[in-house]
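**Q** Enclosed is the structure file upload-v3.pdb (PDB, C-alpha atoms).
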ATOM      1  CA  MET G   1       9.905   8.621  11.778
ATOM      2  CA  ASN G   2       7.557  11.414  10.819
ATOM      3  CA  GLN G   3       4.093  11.409  12.453
ATOM      4  CA  ALA G   4       2.240  10.968   9.146
ATOM      5  CA  ILE G   5       4.234   7.818   8.326
ATOM      6  CA  LYS G   6       3.646   6.496  11.851
ATOM      7  CA  LYS G   7      -0.101   7.023  11.382
ATOM      8  CA  LEU G   8       0.008   5.199   8.004
ATOM      9  CA  ILE G   9       1.778   2.232   9.591
ATOM     10  CA  ASP G  10      -0.642   2.232  12.544
ATOM     11  CA  ILE G  11      -3.664   2.088  10.206
ATOM     12  CA  THR G  12      -2.052  -0.738   8.259
ATOM     13  CA  THR G  13      -0.973  -2.696  11.347
ATOM     14  CA  ALA G  14      -4.508  -2.580  12.745
ATOM     15  CA  GLU G  15      -5.671  -4.642   9.737
ATOM     16  CA  ILE G  16      -3.326  -7.600  10.370
ATOM     17  CA  GLY G  17      -5.356 -10.773  10.676
ATOM     18  CA  THR G  18      -8.201  -9.623   8.436
ATOM     19  CA  HIS G  19      -8.900 -12.464   6.024
ATOM     20  CA  GLU G  20     -11.176 -13.571   3.232
ATOM     21  CA  SER G  21     -14.425 -15.442   3.635
ATOM     22  CA  ALA G  22     -14.620 -19.090   2.617
ATOM     23  CA  ARG G  23     -14.632 -18.075  -1.073
ATOM     24  CA  ASN G  24     -11.375 -16.740  -2.547
ATOM     25  CA  ASN G  25     -11.070 -12.919  -2.774
ATOM     26  CA  THR G  26     -14.380 -12.259  -1.017
ATOM     27  CA  GLY G  27     -15.706 -11.126   2.320
ATOM     28  CA  PRO G  28     -17.159  -7.959   3.871
ATOM     29  CA  LYS G  29     -13.800  -6.396   4.736
ATOM     30  CA  ILE G  30     -12.305  -7.377   1.359
ATOM     31  CA  GLU G  31     -15.226  -5.643  -0.365
ATOM     32  CA  GLU G  32     -14.556  -2.564   1.776
ATOM     33  CA  TYR G  33     -10.945  -2.541   0.554
ATOM     34  CA  GLN G  34     -12.084  -3.027  -3.047
ATOM     35  CA  ARG G  35     -14.455  -0.053  -2.793
ATOM     36  CA  ALA G  36     -11.369   2.156  -2.361
ATOM     37  CA  THR G  37     -10.574   1.497  -6.059
ATOM     38  CA  TRP G  38     -12.315   2.348  -9.314
ATOM     39  CA  LEU G  39     -13.482  -1.297  -9.714
ATOM     40  CA  GLU G  40     -16.705  -2.732  -8.339
ATOM     41  CA  PRO G  41     -16.160  -5.301  -5.554
ATOM     42  CA  ALA G  42     -16.036  -8.892  -6.810
ATOM     43  CA  ALA G  43     -13.839 -11.973  -6.482
ATOM     44  CA  TRP G  44     -10.637 -10.337  -7.835
ATOM     45  CA  PRO G  45      -7.157 -10.098  -6.282
ATOM     46  CA  TRP G  46      -7.178  -7.266  -3.770
ATOM     47  CA  CYS G  47      -3.597  -6.422  -2.724
ATOM     48  CA  ALA G  48      -3.713  -3.037  -4.485
ATOM     49  CA  ALA G  49      -7.222  -2.427  -3.156
ATOM     50  CA  PHE G  50      -5.831  -2.861   0.345
ATOM     51  CA  THR G  51      -3.143  -0.222  -0.273
ATOM     52  CA  CYS G  52      -5.741   2.116  -1.823
ATOM     53  CA  TRP G  53      -7.890   1.636   1.275
ATOM     54  CA  ILE G  54      -5.066   2.372   3.729
ATOM     55  CA  MET G  55      -4.180   5.513   1.760
ATOM     56  CA  ARG G  56      -7.826   6.608   1.786
ATOM     57  CA  GLU G  57      -8.159   6.027   5.529
ATOM     58  CA  TRP G  58      -4.854   7.790   6.176
ATOM     59  CA  LEU G  59      -5.849  10.863   4.183
ATOM     60  CA  LYS G  60      -9.041  11.277   6.215
ATOM     61  CA  ASP G  61      -6.829  12.683   8.976
ATOM     62  CA  GLU G  62      -6.422  16.476   8.629
ATOM     63  CA  PRO G  63      -2.920  16.647  10.186
ATOM     64  CA  VAL G  64      -1.817  13.930   7.733
ATOM     65  CA  ARG G  65      -3.253  15.882   4.809
ATOM     66  CA  ASN G  66      -1.351  18.965   6.015
ATOM     67  CA  ASP G  67       1.857  16.895   6.095
ATOM     68  CA  VAL G  68       1.381  15.328   2.656
ATOM     69  CA  LYS G  69      -0.063  18.259   0.689
ATOM     70  CA  SER G  70       3.400  19.118  -0.634
ATOM     71  CA  CYS G  71       3.762  15.529  -1.925
ATOM     72  CA  PHE G  72       0.832  16.313  -4.224
ATOM     73  CA  LYS G  73       2.202  19.780  -5.122
ATOM     74  CA  ARG G  74      -0.658  21.566  -3.353
ATOM     75  CA  SER G  75      -0.879  24.395  -0.866
ATOM     76  CA  THR G  76      -4.000  22.831   0.664
ATOM     77  CA  LEU G  77      -5.410  19.319   0.582
ATOM     78  CA  THR G  78      -9.026  19.009   1.648
ATOM     79  CA  LEU G  79     -10.661  15.650   2.150
ATOM     80  CA  ALA G  80     -12.432  16.021  -1.216
ATOM     81  CA  GLU G  81      -9.149  16.904  -2.955
ATOM     82  CA  ALA G  82      -7.373  13.991  -1.259
ATOM     83  CA  GLU G  83     -10.030  11.624  -2.569
ATOM     84  CA  LYS G  84      -9.383  12.882  -6.105
ATOM     85  CA  VAL G  85      -5.579  12.613  -6.007
ATOM     86  CA  ARG G  86      -5.041   9.426  -4.000
ATOM     87  CA  CYS G  87      -4.334   6.190  -5.814
ATOM     88  CA  GLN G  88      -7.465   4.269  -6.756
ATOM     89  CA  ASP G  89      -5.830   1.784  -9.116
ATOM     90  CA  ALA G  90      -6.759  -1.844  -8.515
ATOM     91  CA  SER G  91      -3.463  -3.157  -9.918
ATOM     92  CA  ALA G  92      -0.071  -3.200  -8.229
ATOM     93  CA  PHE G  93       1.744  -1.941 -11.323
ATOM     94  CA  GLY G  94      -0.864   0.808 -11.682
ATOM     95  CA  TRP G  95       0.544   2.386  -8.524
ATOM     96  CA  GLU G  96       3.739   3.237 -10.414
ATOM     97  CA  LYS G  97       1.749   4.948 -13.170
ATOM     98  CA  TRP G  98      -0.251   6.886 -10.547
ATOM     99  CA  ALA G  99       2.919   7.998  -8.741
ATOM    100  CA  LYS G 100       4.581   9.173 -11.953
ATOM    101  CA  LYS G 101       1.447  11.115 -12.922
ATOM    102  CA  HIS G 102       1.600  12.968  -9.578
ATOM    103  CA  GLU G 103       5.400  13.388  -9.695
ATOM    104  CA  ILE G 104       5.839  11.169  -6.650
ATOM    105  CA  ALA G 105       9.163   9.361  -6.384
ATOM    106  CA  VAL G 106       9.259   5.882  -7.931
ATOM    107  CA  LEU G 107      12.554   4.382  -6.815
ATOM    108  CA  GLN G 108      14.334   1.376  -8.252
ATOM    109  CA  GLU G 109      14.828  -1.820  -6.279
ATOM    110  CA  THR G 110      18.473  -0.807  -5.782
ATOM    111  CA  GLU G 111      17.383   1.811  -3.216
ATOM    112  CA  LEU G 112      16.985   1.039   0.472
ATOM    113  CA  ALA G 113      13.345   0.625   1.475
ATOM    114  CA  LYS G 114      12.052   3.093   4.058
ATOM    115  CA  ALA G 115       9.115   2.823   6.413
ATOM    116  CA  GLY G 116       6.096   4.301   4.639
ATOM    117  CA  ASP G 117       7.174   3.252   1.134
ATOM    118  CA  PHE G 118       4.659   1.367  -0.957
ATOM    119  CA  VAL G 119       6.611  -1.554  -2.395
ATOM    120  CA  VAL G 120       5.662  -2.977  -5.775
ATOM    121  CA  PHE G 121       6.865  -6.531  -6.328
ATOM    122  CA  ASP G 122       7.879  -8.157  -9.619
ATOM    123  CA  PHE G 123       5.025 -10.651  -9.319
ATOM    124  CA  SER G 124       2.305  -7.946  -9.561
ATOM    125  CA  HIS G 125       1.813  -7.494  -5.837
ATOM    126  CA  ILE G 126       2.043  -4.487  -3.503
ATOM    127  CA  GLY G 127       2.404  -3.789   0.205
ATOM    128  CA  LEU G 128       3.567  -1.176   2.682
ATOM    129  CA  VAL G 129       7.111  -1.131   4.079
ATOM    130  CA  ILE G 130       6.900  -0.788   7.872
ATOM    131  CA  GLU G 131      10.601  -0.726   8.832
ATOM    132  CA  ASP G 132      13.637   0.901   7.245
ATOM    133  CA  GLN G 133      15.765  -1.622   5.371
ATOM    134  CA  THR G 134      19.259  -1.717   6.904
ATOM    135  CA  SER G 135      21.180  -2.901   3.822
ATOM    136  CA  LEU G 136      20.445  -3.783   0.203
ATOM    137  CA  HIS G 137      20.709  -7.462   1.147
ATOM    138  CA  SER G 138      18.461  -7.386   4.207
ATOM    139  CA  LYS G 139      14.834  -8.456   4.007
ATOM    140  CA  ILE G 140      12.061  -5.956   3.445
ATOM    141  CA  ILE G 141       9.536  -5.854   6.294
ATOM    142  CA  THR G 142       6.029  -5.175   5.027
ATOM    143  CA  ILE G 143       2.341  -5.514   5.677
ATOM    144  CA  GLU G 144       0.453  -6.849   2.665
ATOM    145  CA  GLY G 145      -3.096  -7.754   1.771
ATOM    146  CA  ASN G 146      -4.158 -10.719  -0.362
ATOM    147  CA  THR G 147      -1.339 -12.912   0.826
ATOM    148  CA  ASN G 148      -0.995 -15.871   3.139
ATOM    149  CA  LYS G 149       1.350 -16.875   5.922
ATOM    150  CA  LYS G 150       3.508 -18.788   3.433
ATOM    151  CA  GLY G 151       4.143 -15.602   1.467
ATOM    152  CA  THR G 152       2.465 -16.428  -1.797
ATOM    153  CA  ARG G 153       0.065 -14.051  -3.494
ATOM    154  CA  ASP G 154      -3.584 -14.878  -4.048
ATOM    155  CA  SER G 155      -3.725 -18.517  -3.023
ATOM    156  CA  ILE G 156      -6.818 -20.666  -3.362
ATOM    157  CA  SER G 157      -8.583 -19.326  -0.281
ATOM    158  CA  ASN G 158      -8.379 -17.583   3.078
ATOM    159  CA  ASP G 159      -5.719 -15.042   2.200
ATOM    160  CA  GLY G 160      -5.503 -12.046   4.443
ATOM    161  CA  VAL G 161      -3.496  -9.117   5.719
ATOM    162  CA  TRP G 162      -0.158 -10.221   7.146
ATOM    163  CA  ARG G 163       3.214  -8.900   8.213
ATOM    164  CA  LYS G 164       5.802 -10.267   5.782
ATOM    165  CA  GLU G 165       9.567 -10.433   5.410
ATOM    166  CA  ARG G 166      10.455 -10.472   1.717
ATOM    167  CA  GLU G 167      13.742 -10.904  -0.104
ATOM    168  CA  PRO G 168      14.800  -7.641  -1.790
ATOM    169  CA  ASN G 169      15.275  -9.367  -5.161
ATOM    170  CA  LEU G 170      11.460  -9.663  -5.412
ATOM    171  CA  THR G 171      11.103  -5.883  -5.530
ATOM    172  CA  LYS G 172      10.239  -3.942  -8.679
ATOM    173  CA  SER G 173      10.050  -0.446  -7.156
ATOM    174  CA  TYR G 174       9.309   1.709  -4.131
ATOM    175  CA  ILE G 175       6.829   4.564  -4.165
ATOM    176  CA  ARG G 176       7.990   7.178  -1.680
ATOM    177  CA  LEU G 177       5.649  10.023  -0.805
ATOM    178  CA  PHE G 178       8.164  11.807   1.392
ATOM    179  CA  SER G 179      11.399  11.886  -0.593
ATOM    180  CA  LYS G 180      13.375  13.780   2.044
TER     181      LYS G 180
END
Starting from the file, give its structure as structure tokens.
**A**
Amino acid sequence: MNQAIKKLIDITTAEIGTHESARNNTGPKIEEYQRATWLEPAAWPWCAAFTCWIMREWLKDEPVRNDVKSCFKRSTLTLAEAEKVRCQDASAFGWEKWAKKHEIAVLQETELAKAGDFVVFDFSHIGLVIEDQTSLHSKIITIEGNTNKKGTRDSISNDGVWRKEREPNLTKSYIRLFSK
């Protein structure tokens, strides 16, 4: 696994256990995630905000930016440039539009998931793949925000960041920064 992907997974893993306040889709850490998008923080579903936040935190690291600059078709990628090109879309499906705009690979659900892929689910949800999928029928191992231990998206209250194992038939696409 490349060092940049390892760093992305480490940042994401460190957030496991973060959860909402007593009111659905709220809390200090949830607002921090939401500030990584173009929307003002409020009581709205935050799975895509979580992935925007982990990308923002990841791109703060200069060695990471040096590794990913080619993904964004750039010879350099400063922190200011990274902030302009990273995904800031507050919707899961918006990640696909962002990736296509930047000529980043958007792969169909018939591909094997790889660690570091952002996985967009059919039910308008997104997470980060943390382990390579071994076969098209094996579960996808992810870390996701705005979910619960049961695996549903945006329940009544106390959702959080959790490690999940999802069936591959729930997948809409994979966004792969490093296509090699």
**Q** Starting from the displayed file, determine the output of the PyMOL selection byres ((chain G and resi 160) around 8) and express the residue list as a list in words.
**A**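 That expression, the PyMOL selection byres ((chain G and resi 160) around 8), corresponds here to Ile16, Gly17, Thr18, His19, Glu20, Gly145, Asn146, Thr147, Asn148, Asn158, Asp159, Val161 and Trp162 of chain G.
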**Q** For the file shown, what are the residues hit by the PyMOL selection byres ((chain G and resi 7) around 12), laid out as number ranges by chain?
**A** G: 1-6, 8-14, 54-55, 57-65, 67, 115-116, 130
**Q** Applying the PyMOL selection byres ((chain G and resi 72) around 9) to the file I just gave you, which residues come out? Please list them as a PyMOL selection string.
**A** chain G and resi 68-71+73-75+77+85+102-104+177
**Q** Around all of stretch 51-54 of chain G's listed atoms, make the axis-aligned box with 6 Å on each side and tell me centre and edge lengths in Å to one decimal, as AutoDock Vina command-line options.
**A**
--center_x -5.5 --center_y 1.1 --center_z 1.0 --size_x 16.7 --size_y 14.6 --size_z 17.6
**Q** Tell me which of G:Ile175, G:Ala90, G:Leu128, G:Ile143 sits closest to G:Glu109, counting all atoms listed in the file.
**A**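 Once distances to G:Glu109 are computed over all atoms listed in the file, the minimum belongs to G:Ile175.
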**Q** Set the distance at 12 Å and use all atoms listed in the file: which residues neighbour G:Cys87 once local chain neighbours fewer than 4 positions away are removed? I'd like the list as a PyMOL selection string.
**A** chain G and resi 36-38+48-57+59+72+82-83+91-102+104+118+175+177
**Q** Smallest atom-to-atom distance to G:Leu136: which of G:Asp89, G:Glu40, G:Glu111, G:Glu31, using all atoms listed in the file?
**A**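 That would be G:Glu111, the residue with the smallest distance to G:Leu136.
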**Q** Would you work out the distance separating atom CA of G:Thr110 from atom CA of G:Trp46, expressed in Å to one decimal?
**A**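 Here the two named atoms are 26.5 Å from each other.
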**Q** Which polymer residues have any atom within 10 Å of an atom of G:Ala42, counting all atoms listed in the file, with same-chain residues fewer than 5 positions away left out, as a JSON list (two decimals) with C-alpha atoms, in the frame of the given file?
**A**
[["chain", "number", "residue", "atom", "x", "y", "z"],
["G", 25, "ASN", "CA", -11.07, -12.92, -2.77],
["G", 26, "THR", "CA", -14.38, -12.26, -1.02],
["G", 27, "GLY", "CA", -15.71, -11.13, 2.32],
["G", 30, "ILE", "CA", -12.30, -7.38, 1.36],
["G", 31, "GLU", "CA", -15.23, -5.64, -0.36],
["G", 34, "GLN", "CA", -12.08, -3.03, -3.05],
["G", 35, "ARG", "CA", -14.46, -0.05, -2.79]]
**Q** Return the single residue from G:Lys114, G:His125, G:Lys164, G:Lys84 that is closest to G:Cys47, with distances computed using all atoms listed in the file.
**A**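 The answer is G:His125, which sits nearest to G:Cys47.
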**Q** From the list G:Ile126, G:Thr78, G:Thr142, G:Ser179, which residue is nearest G:Leu107 when using all atoms listed in the file?
**A**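 Nearest to G:Leu107: G:Ser179.
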**Q** Report the distance between atom CA of G:Lys149 and atom CA of G:Phe123 in Å, rounded to one decimal place.
**A**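 That distance, rounded to one decimal, is 16.9 Å.
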**Q** Of the residues G:Arg23, G:His137, G:Lys172, G:Arg166, which is the one nearest to G:Trp44, using only C-alpha atoms?
**A**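 When distances to G:Trp44 are compared using only C-alpha atoms, the smallest one comes from G:Arg23.
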**Q** Please indicate the distance in Å from atom CA of G:Ile141 to atom CA of G:Leu112, rounded to one decimal place.
**A** 11.7 Å
**Q** Save stretch 97-115 of chain G of the structure in the block above to a file, with N, CA and C atoms included, as a PDB file, in the first residue's frame.
**A**
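Saved the output as selection_9.pdb:
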ATOM      1  N   LYS G  97     -19.457  13.568  -9.597  1.00  0.00           N
ATOM      2  CA  LYS G  97     -19.373  14.744 -10.474  1.00  0.00           C
ATOM      3  C   LYS G  97     -18.018  15.433 -10.289  1.00  0.00           C
ATOM      4  N   TRP G  98     -17.591  15.602  -9.039  1.00  0.00           N
ATOM      5  CA  TRP G  98     -16.296  16.208  -8.735  1.00  0.00           C
ATOM      6  C   TRP G  98     -15.169  15.407  -9.381  1.00  0.00           C
ATOM      7  N   ALA G  99     -15.191  14.097  -9.216  1.00  0.00           N
ATOM      8  CA  ALA G  99     -14.127  13.243  -9.761  1.00  0.00           C
ATOM      9  C   ALA G  99     -14.059  13.354 -11.285  1.00  0.00           C
ATOM     10  N   LYS G 100     -15.210  13.317 -11.926  1.00  0.00           N
ATOM     11  CA  LYS G 100     -15.239  13.426 -13.393  1.00  0.00           C
ATOM     12  C   LYS G 100     -14.695  14.784 -13.848  1.00  0.00           C
ATOM     13  N   LYS G 101     -15.036  15.836 -13.132  1.00  0.00           N
ATOM     14  CA  LYS G 101     -14.545  17.173 -13.468  1.00  0.00           C
ATOM     15  C   LYS G 101     -13.017  17.221 -13.423  1.00  0.00           C
ATOM     16  N   HIS G 102     -12.418  16.500 -12.482  1.00  0.00           N
ATOM     17  CA  HIS G 102     -10.960  16.500 -12.312  1.00  0.00           C
ATOM     18  C   HIS G 102     -10.282  15.315 -13.007  1.00  0.00           C
ATOM     19  N   GLU G 103     -11.048  14.597 -13.831  1.00  0.00           N
ATOM     20  CA  GLU G 103     -10.533  13.445 -14.573  1.00  0.00           C
ATOM     21  C   GLU G 103      -9.929  12.383 -13.649  1.00  0.00           C
ATOM     22  N   ILE G 104     -10.593  12.180 -12.532  1.00  0.00           N
ATOM     23  CA  ILE G 104     -10.221  11.144 -11.574  1.00  0.00           C
ATOM     24  C   ILE G 104     -11.109   9.937 -11.856  1.00  0.00           C
ATOM     25  N   ALA G 105     -10.545   8.761 -11.761  1.00  0.00           N
ATOM     26  CA  ALA G 105     -11.261   7.540 -12.137  1.00  0.00           C
ATOM     27  C   ALA G 105     -12.514   7.329 -11.280  1.00  0.00           C
ATOM     28  N   VAL G 106     -13.641   7.158 -11.973  1.00  0.00           N
ATOM     29  CA  VAL G 106     -14.901   6.747 -11.348  1.00  0.00           C
ATOM     30  C   VAL G 106     -15.193   5.366 -11.913  1.00  0.00           C
ATOM     31  N   LEU G 107     -15.040   4.363 -11.064  1.00  0.00           N
ATOM     32  CA  LEU G 107     -15.156   2.970 -11.495  1.00  0.00           C
ATOM     33  C   LEU G 107     -16.520   2.401 -11.144  1.00  0.00           C
ATOM     34  N   GLN G 108     -16.997   1.524 -11.981  1.00  0.00           N
ATOM     35  CA  GLN G 108     -18.286   0.869 -11.755  1.00  0.00           C
ATOM     36  C   GLN G 108     -18.194  -0.124 -10.601  1.00  0.00           C
ATOM     37  N   GLU G 109     -19.333  -0.499 -10.096  1.00  0.00           N
ATOM     38  CA  GLU G 109     -19.408  -1.446  -8.975  1.00  0.00           C
ATOM     39  C   GLU G 109     -18.896  -2.826  -9.345  1.00  0.00           C
ATOM     40  N   THR G 110     -18.659  -3.079 -10.616  1.00  0.00           N
ATOM     41  CA  THR G 110     -18.141  -4.375 -11.065  1.00  0.00           C
ATOM     42  C   THR G 110     -16.623  -4.477 -10.911  1.00  0.00           C
ATOM     43  N   GLU G 111     -15.987  -3.404 -10.477  1.00  0.00           N
ATOM     44  CA  GLU G 111     -14.540  -3.419 -10.198  1.00  0.00           C
ATOM     45  C   GLU G 111     -14.318  -3.872  -8.764  1.00  0.00           C
ATOM     46  N   LEU G 112     -13.126  -4.389  -8.491  1.00  0.00           N
ATOM     47  CA  LEU G 112     -12.752  -4.708  -7.117  1.00  0.00           C
ATOM     48  C   LEU G 112     -12.399  -3.420  -6.381  1.00  0.00           C
ATOM     49  N   ALA G 113     -12.916  -3.272  -5.178  1.00  0.00           N
ATOM     50  CA  ALA G 113     -12.591  -2.112  -4.350  1.00  0.00           C
ATOM     51  C   ALA G 113     -11.152  -2.223  -3.865  1.00  0.00           C
ATOM     52  N   LYS G 114     -10.478  -1.083  -3.797  1.00  0.00           N
ATOM     53  CA  LYS G 114      -9.104  -1.044  -3.286  1.00  0.00           C
ATOM     54  C   LYS G 114      -9.029  -0.081  -2.119  1.00  0.00           C
ATOM     55  N   ALA G 115      -8.149  -0.385  -1.183  1.00  0.00           N
ATOM     56  CA  ALA G 115      -7.923   0.510  -0.056  1.00  0.00           C
ATOM     57  C   ALA G 115      -7.609   1.907  -0.594  1.00  0.00           C
TER      58      ALA G 115
END
